[in-house]
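Chemist: Input structure: run_38.cif, which contains mmCIF, C-alpha atoms.
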```cif
data_work
loop_
_atom_site.label_atom_id
_atom_site.label_comp_id
_atom_site.auth_asym_id
_atom_site.auth_seq_id
_atom_site.Cartn_x
_atom_site.Cartn_y
_atom_site.Cartn_z
CA MET A 1 38.62 122.23 -107.28
CA LEU A 2 34.89 121.84 -107.14
CA PHE A 3 32.70 121.98 -110.25
CA ARG A 4 28.95 121.91 -109.90
CA ILE A 5 26.11 122.07 -112.42
CA ASP A 6 22.36 122.04 -111.97
CA PRO A 7 20.56 120.93 -115.15
CA ALA A 8 17.30 122.30 -113.68
CA SER A 9 18.70 125.85 -113.63
CA SER A 10 17.94 128.30 -116.45
CA VAL A 11 21.62 129.28 -116.60
CA PRO A 12 23.41 127.46 -119.48
CA LEU A 13 25.61 124.55 -118.33
CA PHE A 14 28.81 126.03 -119.78
CA ASP A 15 28.10 129.25 -117.83
CA GLN A 16 27.62 127.27 -114.62
CA LEU A 17 30.94 125.49 -115.20
CA ALA A 18 32.76 128.78 -115.85
CA ALA A 19 31.18 130.22 -112.70
CA SER A 20 32.50 127.21 -110.72
CA VAL A 21 36.04 127.94 -111.91
CA ARG A 22 35.70 131.66 -111.08
CA ALA A 23 34.41 130.78 -107.62
CA GLU A 24 37.31 128.39 -106.97
CA VAL A 25 39.80 131.05 -108.06
CA SER A 26 38.29 133.66 -105.74
CA ARG A 27 38.18 131.09 -102.90
CA GLY A 28 41.88 130.44 -103.40
CA ALA A 29 41.38 126.74 -104.19
CA LEU A 30 42.75 127.38 -107.69
CA ARG A 31 46.06 129.14 -108.08
CA ALA A 32 48.16 130.37 -111.00
CA GLY A 33 49.75 127.38 -112.73
CA ASP A 34 47.15 124.88 -111.54
CA ARG A 35 45.83 122.58 -114.24
CA LEU A 36 42.13 121.97 -114.72
CA PRO A 37 40.92 118.41 -115.37
CA ALA A 38 40.94 117.21 -118.96
CA ALA A 39 37.69 118.23 -120.71
CA ARG A 40 36.82 114.64 -121.57
CA GLU A 41 37.31 113.43 -117.99
CA LEU A 42 35.30 116.29 -116.51
CA ALA A 43 32.50 115.73 -119.01
CA ALA A 44 32.36 112.04 -118.08
CA SER A 45 32.27 112.83 -114.35
CA LEU A 46 29.41 115.30 -114.73
CA ASP A 47 27.68 113.27 -117.43
CA ILE A 48 27.60 116.18 -119.88
CA ASN A 49 28.84 116.75 -123.43
CA VAL A 50 32.58 117.35 -123.83
CA HIS A 51 31.82 120.37 -126.03
CA THR A 52 30.01 122.01 -123.10
CA VAL A 53 33.22 121.76 -121.04
CA LEU A 54 35.34 123.03 -123.94
CA HIS A 55 32.89 125.91 -124.38
CA ALA A 56 33.32 126.87 -120.71
CA TYR A 57 37.13 126.60 -120.95
CA GLN A 58 37.15 128.79 -124.09
CA GLU A 59 34.98 131.36 -122.34
CA LEU A 60 37.44 131.45 -119.42
CA ARG A 61 40.36 131.74 -121.84
CA ASP A 62 38.69 134.74 -123.50
CA GLU A 63 38.37 136.30 -120.03
CA GLY A 64 42.09 135.73 -119.50
CA LEU A 65 41.60 133.27 -116.62
CA LEU A 66 42.89 130.20 -118.47
CA ASP A 67 45.69 129.33 -120.81
CA LEU A 68 44.66 126.63 -123.28
CA ARG A 69 47.52 124.77 -124.90
CA ARG A 70 47.40 121.66 -126.97
CA GLY A 71 48.81 118.78 -124.94
CA ARG A 72 49.18 120.88 -121.77
CA GLY A 73 45.49 121.23 -121.03
CA ALA A 74 43.85 124.20 -119.33
CA VAL A 75 46.15 126.08 -116.95
CA VAL A 76 45.14 128.90 -114.60
CA THR A 77 46.90 132.16 -115.51
CA ALA A 78 48.60 134.61 -113.13
CA ASN A 79 45.95 137.07 -114.24
CA ALA A 80 43.24 134.80 -112.80
CA GLU A 81 44.59 135.06 -109.27
CA ALA A 82 44.47 138.86 -109.44
CA SER A 83 40.88 138.80 -110.70
CA GLY A 84 40.05 136.33 -107.94
CA GLU A 85 41.11 138.94 -105.42
CA LEU A 86 38.96 141.47 -107.27
CA ILE A 87 35.92 139.16 -107.09
CA ALA A 88 36.49 138.78 -103.35
CA ALA A 89 36.70 142.57 -102.98
CA ILE A 90 33.48 143.02 -104.98
CA ARG A 91 31.71 140.50 -102.75
CA THR A 92 32.75 142.48 -99.68
CA LEU A 93 31.57 145.64 -101.41
CA VAL A 94 28.17 144.14 -102.21
CA ILE A 95 27.69 142.90 -98.64
CA ASP A 96 28.67 146.35 -97.38
CA ALA A 97 26.25 148.06 -99.79
CA GLN A 98 23.41 145.74 -98.79
CA SER A 99 23.99 146.36 -95.09
CA ARG A 100 23.72 150.12 -95.79
CA GLY A 101 20.56 149.61 -97.82
CA VAL A 102 22.25 150.71 -101.07
CA GLY A 103 20.55 149.09 -104.09
CA LEU A 104 22.22 147.63 -107.18
CA ALA A 105 21.35 150.65 -109.37
CA THR A 106 22.87 153.10 -106.89
CA LEU A 107 25.97 150.95 -106.41
CA THR A 108 26.52 150.68 -110.18
CA ALA A 109 26.06 154.43 -110.51
CA LEU A 110 28.63 154.99 -107.74
CA LEU A 111 31.05 152.61 -109.44
CA ARG A 112 30.59 154.40 -112.77
CA GLU A 113 31.30 157.72 -111.10
CA GLU A 114 34.53 156.41 -109.56
CA TYR A 115 35.70 154.89 -112.84
CA PRO A 116 37.61 157.47 -114.95
CA SER A 117 36.27 157.29 -118.49
CA MET M 118 49.60 110.06 -65.29
CA SER M 119 53.36 109.79 -65.79
CA THR M 120 53.45 106.41 -64.05
CA THR M 121 50.82 104.91 -66.33
CA ARG M 122 52.73 106.36 -69.26
CA ALA M 123 55.95 104.73 -68.05
CA ILE M 124 54.20 101.38 -67.51
CA ARG M 125 52.69 101.48 -70.99
CA ARG M 126 56.07 102.21 -72.52
CA LEU M 127 57.93 99.54 -70.57
CA PRO M 128 57.28 96.67 -73.05
CA LEU M 129 58.58 98.85 -75.88
CA PHE M 130 61.71 99.71 -73.92
CA VAL M 131 62.35 96.03 -73.14
CA VAL M 132 61.80 94.84 -76.72
CA ALA M 133 63.62 97.65 -78.52
CA ALA M 134 66.48 98.39 -76.12
CA VAL M 135 66.98 96.10 -73.08
CA VAL M 136 66.84 92.71 -74.80
CA PRO M 137 68.97 93.82 -77.79
CA VAL M 138 71.64 95.26 -75.46
CA VAL M 139 71.75 92.11 -73.30
CA VAL M 140 71.79 89.79 -76.33
CA LEU M 141 74.47 91.74 -78.16
CA VAL M 142 76.76 92.30 -75.17
CA GLY M 143 76.42 88.66 -74.11
CA SER M 144 77.08 87.31 -77.59
CA LEU M 145 80.02 89.64 -78.07
CA ILE M 146 81.66 88.28 -74.89
CA VAL M 147 81.05 84.69 -76.02
CA ALA M 148 82.28 85.46 -79.55
CA ALA M 149 85.41 87.18 -78.26
CA LEU M 150 86.21 84.16 -76.04
CA LEU M 151 85.63 81.76 -78.94
CA ALA M 152 87.68 83.89 -81.36
CA ALA M 153 90.58 84.05 -78.90
CA GLY M 154 90.95 80.29 -79.12
CA ILE M 155 91.01 80.16 -82.92
CA THR M 156 94.30 80.78 -84.69
CA HIS M 157 93.38 79.59 -88.21
CA PRO M 158 91.39 81.72 -90.72
CA VAL M 159 87.64 81.15 -90.54
CA VAL M 160 85.04 81.20 -93.28
CA VAL M 161 83.17 84.49 -93.08
CA HIS M 162 81.43 84.78 -96.39
CA PHE M 163 79.57 82.22 -98.47
CA GLY M 164 79.38 83.17 -102.11
CA VAL M 165 78.40 81.41 -105.29
CA ASN M 166 82.05 81.58 -106.31
CA GLY M 167 83.24 79.87 -103.14
CA ASN M 168 83.83 80.82 -99.55
CA SER M 169 86.13 83.57 -98.40
CA THR M 170 88.10 83.45 -95.17
CA ALA M 171 89.38 85.99 -92.66
CA PRO M 172 91.04 85.99 -89.23
CA ALA M 173 88.65 84.90 -86.46
CA TRP M 174 88.65 88.31 -84.71
CA THR M 175 86.87 89.92 -87.70
CA ILE M 176 83.65 88.18 -86.67
CA PRO M 177 83.23 89.90 -83.27
CA ILE M 178 84.17 93.21 -84.96
CA ALA M 179 81.50 92.72 -87.63
CA MET M 180 78.98 91.73 -84.93
CA PHE M 181 79.81 94.91 -83.07
CA GLY M 182 79.32 97.06 -86.21
CA VAL M 183 76.03 95.53 -87.33
CA GLY M 184 74.85 95.29 -83.72
CA LEU M 185 75.43 99.03 -83.25
CA ILE M 186 73.02 99.73 -86.13
CA ALA M 187 70.37 97.55 -84.48
CA LEU M 188 70.97 99.22 -81.11
CA ALA M 189 70.78 102.72 -82.59
CA LEU M 190 67.47 101.81 -84.23
CA GLY M 191 66.11 100.20 -81.06
CA LEU M 192 67.17 103.01 -78.74
CA GLY M 193 65.82 105.59 -81.18
CA VAL M 194 62.45 103.87 -81.20
CA ALA M 195 62.44 103.38 -77.40
CA ILE M 196 62.98 107.07 -76.61
CA ALA M 197 60.89 108.55 -79.46
CA ARG M 198 57.53 110.20 -78.73
CA PRO M 199 57.94 110.28 -74.95
CA ASP M 200 54.72 112.32 -74.71
CA SER M 201 52.53 109.61 -76.21
CA ARG M 202 50.75 106.96 -74.18
CA HIS M 203 50.35 104.69 -77.19
CA LEU M 204 52.61 102.91 -79.65
CA SER M 205 52.31 103.68 -83.33
CA PHE M 206 52.30 100.95 -85.97
CA ALA M 207 55.67 102.16 -87.30
CA GLN M 208 57.16 102.15 -83.79
CA LYS M 209 56.16 98.52 -83.30
CA VAL M 210 57.59 97.50 -86.68
CA LEU M 211 60.92 99.26 -86.02
CA ALA M 212 61.12 97.84 -82.46
CA VAL M 213 60.72 94.22 -83.58
CA ILE M 214 63.17 94.80 -86.46
CA ALA M 215 65.75 96.08 -83.93
CA LEU M 216 65.16 93.01 -81.75
CA GLY M 217 65.19 90.53 -84.64
CA GLN M 218 68.34 92.05 -86.11
CA SER M 219 70.14 91.89 -82.74
CA VAL M 220 69.23 88.23 -82.23
CA LEU M 221 70.22 87.42 -85.81
CA VAL M 222 73.63 89.09 -85.54
CA ALA M 223 74.35 87.53 -82.14
CA ALA M 224 73.35 84.01 -83.16
CA LEU M 225 75.09 84.15 -86.53
CA GLY M 226 78.39 85.38 -85.09
CA VAL M 227 78.50 82.86 -82.25
CA TRP M 228 77.39 80.05 -84.56
CA LEU M 229 80.06 80.83 -87.19
CA LEU M 230 82.79 80.72 -84.55
CA ALA M 231 81.37 77.71 -82.70
CA VAL M 232 81.33 75.41 -85.74
CA GLN M 233 84.84 76.41 -86.82
CA GLN M 234 86.63 75.65 -83.56
CA SER M 235 89.00 73.18 -85.18
CA ALA M 236 90.96 73.77 -88.38
CA ASP M 237 90.49 70.15 -89.54
CA ALA M 238 87.24 70.39 -91.48
CA PRO M 239 87.93 72.03 -94.88
CA THR M 240 84.25 72.92 -95.42
CA PRO M 241 82.67 73.64 -92.06
CA PRO M 242 79.00 72.63 -91.79
CA VAL M 243 77.78 76.20 -91.55
CA LEU M 244 75.08 76.45 -94.20
CA PRO M 245 72.40 74.25 -92.56
CA GLY M 246 72.45 76.50 -89.50
CA ILE M 247 71.75 79.74 -91.36
CA PRO M 248 68.07 79.13 -92.27
CA ILE M 249 67.42 78.08 -88.66
CA ILE M 250 69.05 81.24 -87.32
CA VAL M 251 67.22 83.52 -89.80
CA GLY M 252 63.94 81.74 -89.10
CA GLY M 253 64.55 82.02 -85.35
CA GLY M 254 65.20 85.77 -85.65
CA LEU M 255 61.96 86.20 -87.59
CA LEU M 256 60.02 84.08 -85.08
CA ILE M 257 61.32 86.13 -82.15
CA ALA M 258 60.35 89.34 -83.97
CA VAL M 259 56.82 88.02 -84.58
CA ILE M 260 56.44 86.88 -80.94
CA ALA M 261 57.66 90.31 -79.75
CA TRP M 262 55.06 91.95 -82.01
CA PHE M 263 52.26 90.19 -80.18
CA LEU M 264 53.81 90.81 -76.75
CA LEU M 265 53.82 94.56 -77.38
CA PRO M 266 50.58 96.45 -76.71
CA PRO M 267 48.36 96.96 -79.76
CA ALA M 268 49.24 99.87 -82.01
CA GLU M 269 47.47 103.15 -81.45
CA ALA M 270 44.11 103.53 -83.14
CA TRP M 271 44.49 106.63 -85.29
CA GLY M 272 41.06 106.48 -86.88
CA SER M 273 39.37 108.49 -84.15
CA ARG M 274 41.08 111.74 -85.14
CA MET M 275 38.98 112.37 -88.24
CA ARG M 276 36.80 115.47 -88.40
CA THR M 277 33.69 114.16 -90.14
CA ALA M 278 32.55 116.38 -92.99
CA GLU M 279 29.06 117.87 -93.28
CA PRO M 280 27.57 116.89 -96.63
CA LEU M 281 27.86 119.51 -99.37
CA ALA M 282 24.44 121.07 -100.01
CA LEU M 283 23.38 119.80 -103.44
CA ALA M 284 20.05 120.61 -105.08
CA PRO M 285 18.10 117.55 -106.27
CA GLY M 286 19.51 116.65 -109.69
CA GLU M 287 22.57 118.86 -109.20
CA ARG M 288 25.84 117.21 -110.22
CA ALA M 289 29.27 117.98 -108.83
CA VAL M 290 32.85 116.80 -109.19
CA TRP M 291 35.87 117.64 -107.07
CA THR M 292 39.39 117.12 -108.37
CA ALA M 293 42.79 117.70 -106.84
CA THR M 294 46.40 116.73 -107.45
CA THR M 295 48.76 115.61 -104.73
CA ARG M 296 52.52 115.42 -105.27
CA LEU M 297 55.29 113.67 -103.36
CA THR M 298 57.11 116.07 -101.04
CA THR M 299 60.71 117.04 -101.89
CA LEU M 300 62.04 115.33 -98.74
CA ALA M 301 60.51 112.01 -99.81
CA ILE M 302 61.94 112.35 -103.30
CA VAL M 303 65.42 113.04 -101.87
CA VAL M 304 65.18 109.96 -99.61
CA LEU M 305 64.03 107.77 -102.51
CA VAL M 306 66.72 109.07 -104.87
CA VAL M 307 69.44 108.41 -102.25
CA ALA M 308 68.05 104.88 -101.78
CA ILE M 309 68.08 104.31 -105.54
CA LEU M 310 71.68 105.55 -105.85
CA LEU M 311 72.75 103.26 -102.97
CA VAL M 312 71.05 100.22 -104.46
CA ALA M 313 72.42 101.05 -107.92
CA SER M 314 75.98 101.38 -106.65
CA VAL M 315 75.70 98.10 -104.72
CA ALA M 316 74.28 96.48 -107.86
CA ILE M 317 77.21 97.73 -109.95
CA VAL M 318 79.78 96.56 -107.40
CA VAL M 319 78.13 93.13 -107.17
CA THR M 320 77.98 92.85 -110.96
CA VAL M 321 81.66 93.73 -111.32
CA LEU M 322 82.74 91.37 -108.51
CA THR M 323 80.72 88.40 -109.75
CA ALA M 324 81.37 89.07 -113.45
CA GLY M 325 77.77 89.50 -114.54
CA ALA M 326 74.84 87.07 -114.31
CA THR M 327 73.17 89.26 -111.70
CA TRP M 328 70.40 90.86 -113.74
CA ILE M 329 68.09 90.51 -110.76
CA VAL M 330 70.34 92.82 -108.75
CA LEU M 331 70.46 95.28 -111.63
CA ALA M 332 66.67 95.17 -111.98
CA LEU M 333 66.23 96.49 -108.42
CA PRO M 334 67.21 100.13 -109.08
CA VAL M 335 65.04 100.05 -112.22
CA ILE M 336 62.08 98.85 -110.13
CA LEU M 337 62.77 101.58 -107.54
CA VAL M 338 62.84 104.27 -110.25
CA ALA M 339 59.50 102.95 -111.54
CA VAL M 340 58.09 103.10 -108.01
CA LEU M 341 59.35 106.68 -107.59
CA PHE M 342 57.72 107.80 -110.84
CA SER M 343 54.45 105.96 -110.30
CA SER M 344 54.04 107.34 -106.78
CA SER M 345 55.26 110.91 -107.30
CA SER M 346 51.92 112.43 -108.35
CA TYR M 347 48.30 111.36 -107.89
CA GLY M 348 45.05 112.73 -109.21
CA VAL M 349 42.25 112.64 -106.64
CA ARG M 350 38.64 112.82 -107.83
CA VAL M 351 35.24 112.69 -106.13
CA ASP M 352 32.10 112.46 -108.24
CA GLU M 353 28.75 110.62 -108.35
CA ASN M 354 30.63 107.31 -108.52
CA GLY M 355 32.67 107.93 -105.39
CA LEU M 356 36.37 108.46 -104.78
CA ARG M 357 39.18 107.64 -107.17
CA VAL M 358 42.90 108.14 -106.56
CA ARG M 359 45.06 107.51 -109.59
CA SER M 360 48.80 107.81 -110.17
CA ALA M 361 49.87 110.25 -112.88
CA LEU M 362 51.14 107.21 -114.80
CA GLY M 363 47.67 105.61 -114.73
CA TRP M 364 48.64 102.91 -112.25
CA PRO M 365 48.14 102.23 -109.38
CA VAL M 366 44.46 103.24 -109.07
CA PHE M 367 42.35 103.13 -105.89
CA SER M 368 38.58 103.46 -106.11
CA ILE M 369 35.89 103.55 -103.44
CA PRO M 370 32.32 103.43 -104.80
CA ALA M 371 29.96 106.00 -103.22
CA ARG M 372 27.67 103.26 -101.85
CA GLU M 373 30.57 101.78 -99.83
CA VAL M 374 31.28 105.08 -98.05
CA GLU M 375 30.16 105.10 -94.42
CA SER M 376 31.65 108.51 -93.61
CA ALA M 377 34.33 110.87 -94.86
CA GLY M 378 36.26 113.71 -93.33
CA VAL M 379 39.54 115.52 -92.85
CA SER M 380 42.42 114.32 -90.72
CA ALA M 381 45.97 115.44 -90.05
CA ILE M 382 48.46 112.87 -91.33
CA GLU M 383 52.00 112.46 -90.07
CA PRO M 384 53.90 110.27 -92.55
CA LEU M 385 56.81 109.07 -90.37
CA ARG M 386 55.03 108.66 -87.05
CA GLU M 387 51.84 107.17 -88.38
CA PHE M 388 52.95 105.23 -91.44
CA GLY M 389 56.74 105.07 -91.22
CA GLY M 390 57.27 106.92 -94.49
CA TRP M 391 55.71 108.03 -97.76
CA GLY M 392 54.04 106.16 -100.58
CA LEU M 393 51.45 103.41 -100.40
CA ARG M 394 51.29 102.66 -96.71
CA GLY M 395 49.52 100.88 -93.92
CA THR M 396 47.56 97.67 -93.69
CA PRO M 397 44.54 96.43 -95.66
CA ARG M 398 42.40 97.63 -92.72
CA ARG M 399 43.88 101.12 -92.80
CA PHE M 400 45.47 101.99 -96.11
CA ALA M 401 46.94 105.34 -97.10
CA VAL M 402 48.42 107.13 -100.08
CA VAL M 403 50.95 109.40 -98.35
CA THR M 404 52.72 112.08 -100.38
CA ARG M 405 53.40 114.59 -97.62
CA GLY M 406 52.46 115.53 -94.07
CA GLY M 407 49.39 117.60 -93.30
CA GLU M 408 45.72 117.48 -94.14
CA GLY M 409 44.25 114.50 -95.88
CA LEU M 410 40.95 113.00 -96.94
CA GLU M 411 39.90 110.07 -94.76
CA VAL M 412 37.20 107.65 -95.82
CA HIS M 413 35.56 105.03 -93.61
CA ARG M 414 33.99 102.19 -95.56
CA ARG M 415 30.92 100.26 -94.59
CA ASP M 416 33.01 97.12 -94.08
CA GLY M 417 35.16 98.94 -91.51
CA ARG M 418 38.18 99.53 -93.70
CA VAL M 419 39.76 103.00 -93.73
CA PHE M 420 41.36 104.77 -96.69
CA LEU M 421 43.42 107.96 -96.51
CA VAL M 422 45.05 110.22 -99.06
CA THR M 423 47.05 113.36 -98.29
CA VAL M 424 45.58 116.16 -100.37
CA ASP M 425 44.91 119.92 -100.21
CA ASP M 426 41.35 121.21 -99.73
CA ALA M 427 40.34 117.79 -98.39
CA ALA M 428 37.34 119.37 -96.62
CA THR M 429 35.62 120.10 -99.93
CA GLY M 430 36.31 116.60 -101.25
CA ALA M 431 35.04 115.03 -98.03
CA ALA M 432 31.90 117.20 -98.09
CA LEU M 433 31.09 116.15 -101.65
CA LEU M 434 31.86 112.48 -100.96
CA THR M 435 29.57 112.57 -97.92
CA ALA M 436 26.84 114.18 -100.05
CA VAL M 437 27.02 111.62 -102.88
CA ALA M 438 27.21 108.75 -100.36
CA GLU M 439 23.93 109.91 -98.80
CA ARG M 440 22.13 110.09 -102.15
#
```
Starting from the file, lay out its structure as structure tokens.
Modeler:
Amino acid sequence: MLFRIDPASSVPLFDQLAASVRAEVSRGALRAGDRLPAARELAASLDINVHTVLHAYQELRDEGLLDLRRGRGAVVTANAEASGELIAAIRTLVIDAQSRGVGLATLTALLREEYPS
Amino acid sequence: MSTTRAIRRLPLFVVAAVVPVVVLVGSLIVAALLAAGITHPVVVHFGVNGNSTAPAWTIPIAMFGVGLIALALGLGVAIARPDSRHLSFAQKVLAVIALGQSVLVAALGVWLLAVQQSADAPTPPVLPGIPIIVGGGLLIAVIAWFLLPPAEAWGSRMRTAEPLALAPGERAVWTATTRLTTLAIVVLVVAILLVASVAIVVTVLTAGATWIVLALPVILVAVLFSSSSYGVRVDENGLRVRSALGWPVFSIPAREVESAGVSAIEPLREFGGWGLRGTPRRFAVVTRGGEGLEVHRRDGRVFLVTVDDAATGAALLTAVAER
């Protein structure tokens, strides 16, 4: 799996890391049961603070993408694979909307209409 | 096309099949003639606890049995990959083993019978001949190696990766895990069980004092565990492949990377099996067949590791090497 961070970006580092994991899940490079690298090792490779990595992992756990267990590390959940498919579907939707000249506001409004409250 | 193919394969056929057949058949005839003239028991086994004897005809029989194994190996190698114009490294190794084993069996059998023609000598002068015969077998195998055409150059099959687009100052790391395929584990476990059972039999027969023999299965188990799973990582520093146990570790610094890419790896054909394979010039960590990450170093050496999503790893390695 590929993690990338750009310290020059305005997006917080932990957010960039979480986005990397989401992207890898939607690309199919990460599957349910796969283990993410140990936080300390990943932090050393990217030359960032270990707490930044842990922050990203906790964020992904709260989203239901990761299972964090002491001694087992961070494991991708079955839920993550399903949401990966959803992300892929949303990407297709966005490309479709753009090709039809439908703006973000209209698309969100359409989505809200379809979603039963 | 087919004629050039046949001509290229002729040396392999001679080394792996024709010479072994001639040597074994010839030696069997000689051994049978020699054995027919011997009525006393001959020494067939030389152990630390003394020599054991058997009727003379057991030697040609044993030669036939062991020779068949060598012939099966040689013929298998000679007829394998009929579509290829080149020899693989593994093919050459197996061919010279088949030849060396045939020569060894033939010479040993004839020699054992030849020095025990008369029943007078209580301890026949057999032992001095054995190192010469073993050395001769090895020498013939080495000579055959150089007579065979050079092994196929596999390096050209790599698809070189385009560097991953990284913004200036952007950092990236790619990690993957590669595990030994079930087939390889089965083969290794069977080998361990065989060695363990032989070790137990030897220990029982010789009443202990064979801890070296008993250590072998333990070493094999350690090898199985240390090579069953590897973590592969590419970051600013370059490539690192590390066993799940922490050892062995293989590292290639980014500045030593000439190019990286993806190649299809065939464990048996290309490397003759799984595990840590190849030569210092072309070294591979082989856990399964299929796609792998291939790295060409500046000094000309090549490193391969079988791993999923190798394209991403190769793209990142190319990018950090160019920085």
Chemist: Rounded to one decimal place, report the atom CA of Ala133 of chain M-atom CA of Leu264 of chain M distance in Å.
Modeler: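 Computing it gives 12.1 Å between the two atoms.
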Chemist: Kindly determine which residues of chain A lie within 12 Å of chain M, considering only C-alpha atoms, and give the answer as a ChimeraX atom specification.
Modeler: /A:1-9,13,16-17,20-21,24,27-31,34-38,41-48
Chemist: When the PyMOL selection byres ((chain M and resi 403-412) around 9) is applied to the structure above, which residues does it catch, written out as a VMD selection string?
Modeler: chain M and resid 272 275 to 277 295 to 301 344 to 347 369 374 to 385 388 390 to 394 401 to 402 413 to 414 418 to 428 430 to 431 434
Chemist: As an exercise, work out the distance from atom CA of Gly226 of chain M to atom CA of Val160 of chain M in Å and give it to one decimal place.
Modeler: 11.3 Å
Chemist: Separation of atom CA of Ile155 of chain M and atom CA of Ala179 of chain M, in Å?
Modeler: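 For atom CA of Ile155 of chain M relative to atom CA of Ala179 of chain M, the distance reads 16.4 Å.
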Chemist: The PyMOL selection byres ((chain M and resi 262) around 10) - which residues does that actually catch in the file I just gave you? List them as a PyMOL selection string.
Modeler: chain M and resi 129+132+209-210+212-214+256-261+263-268
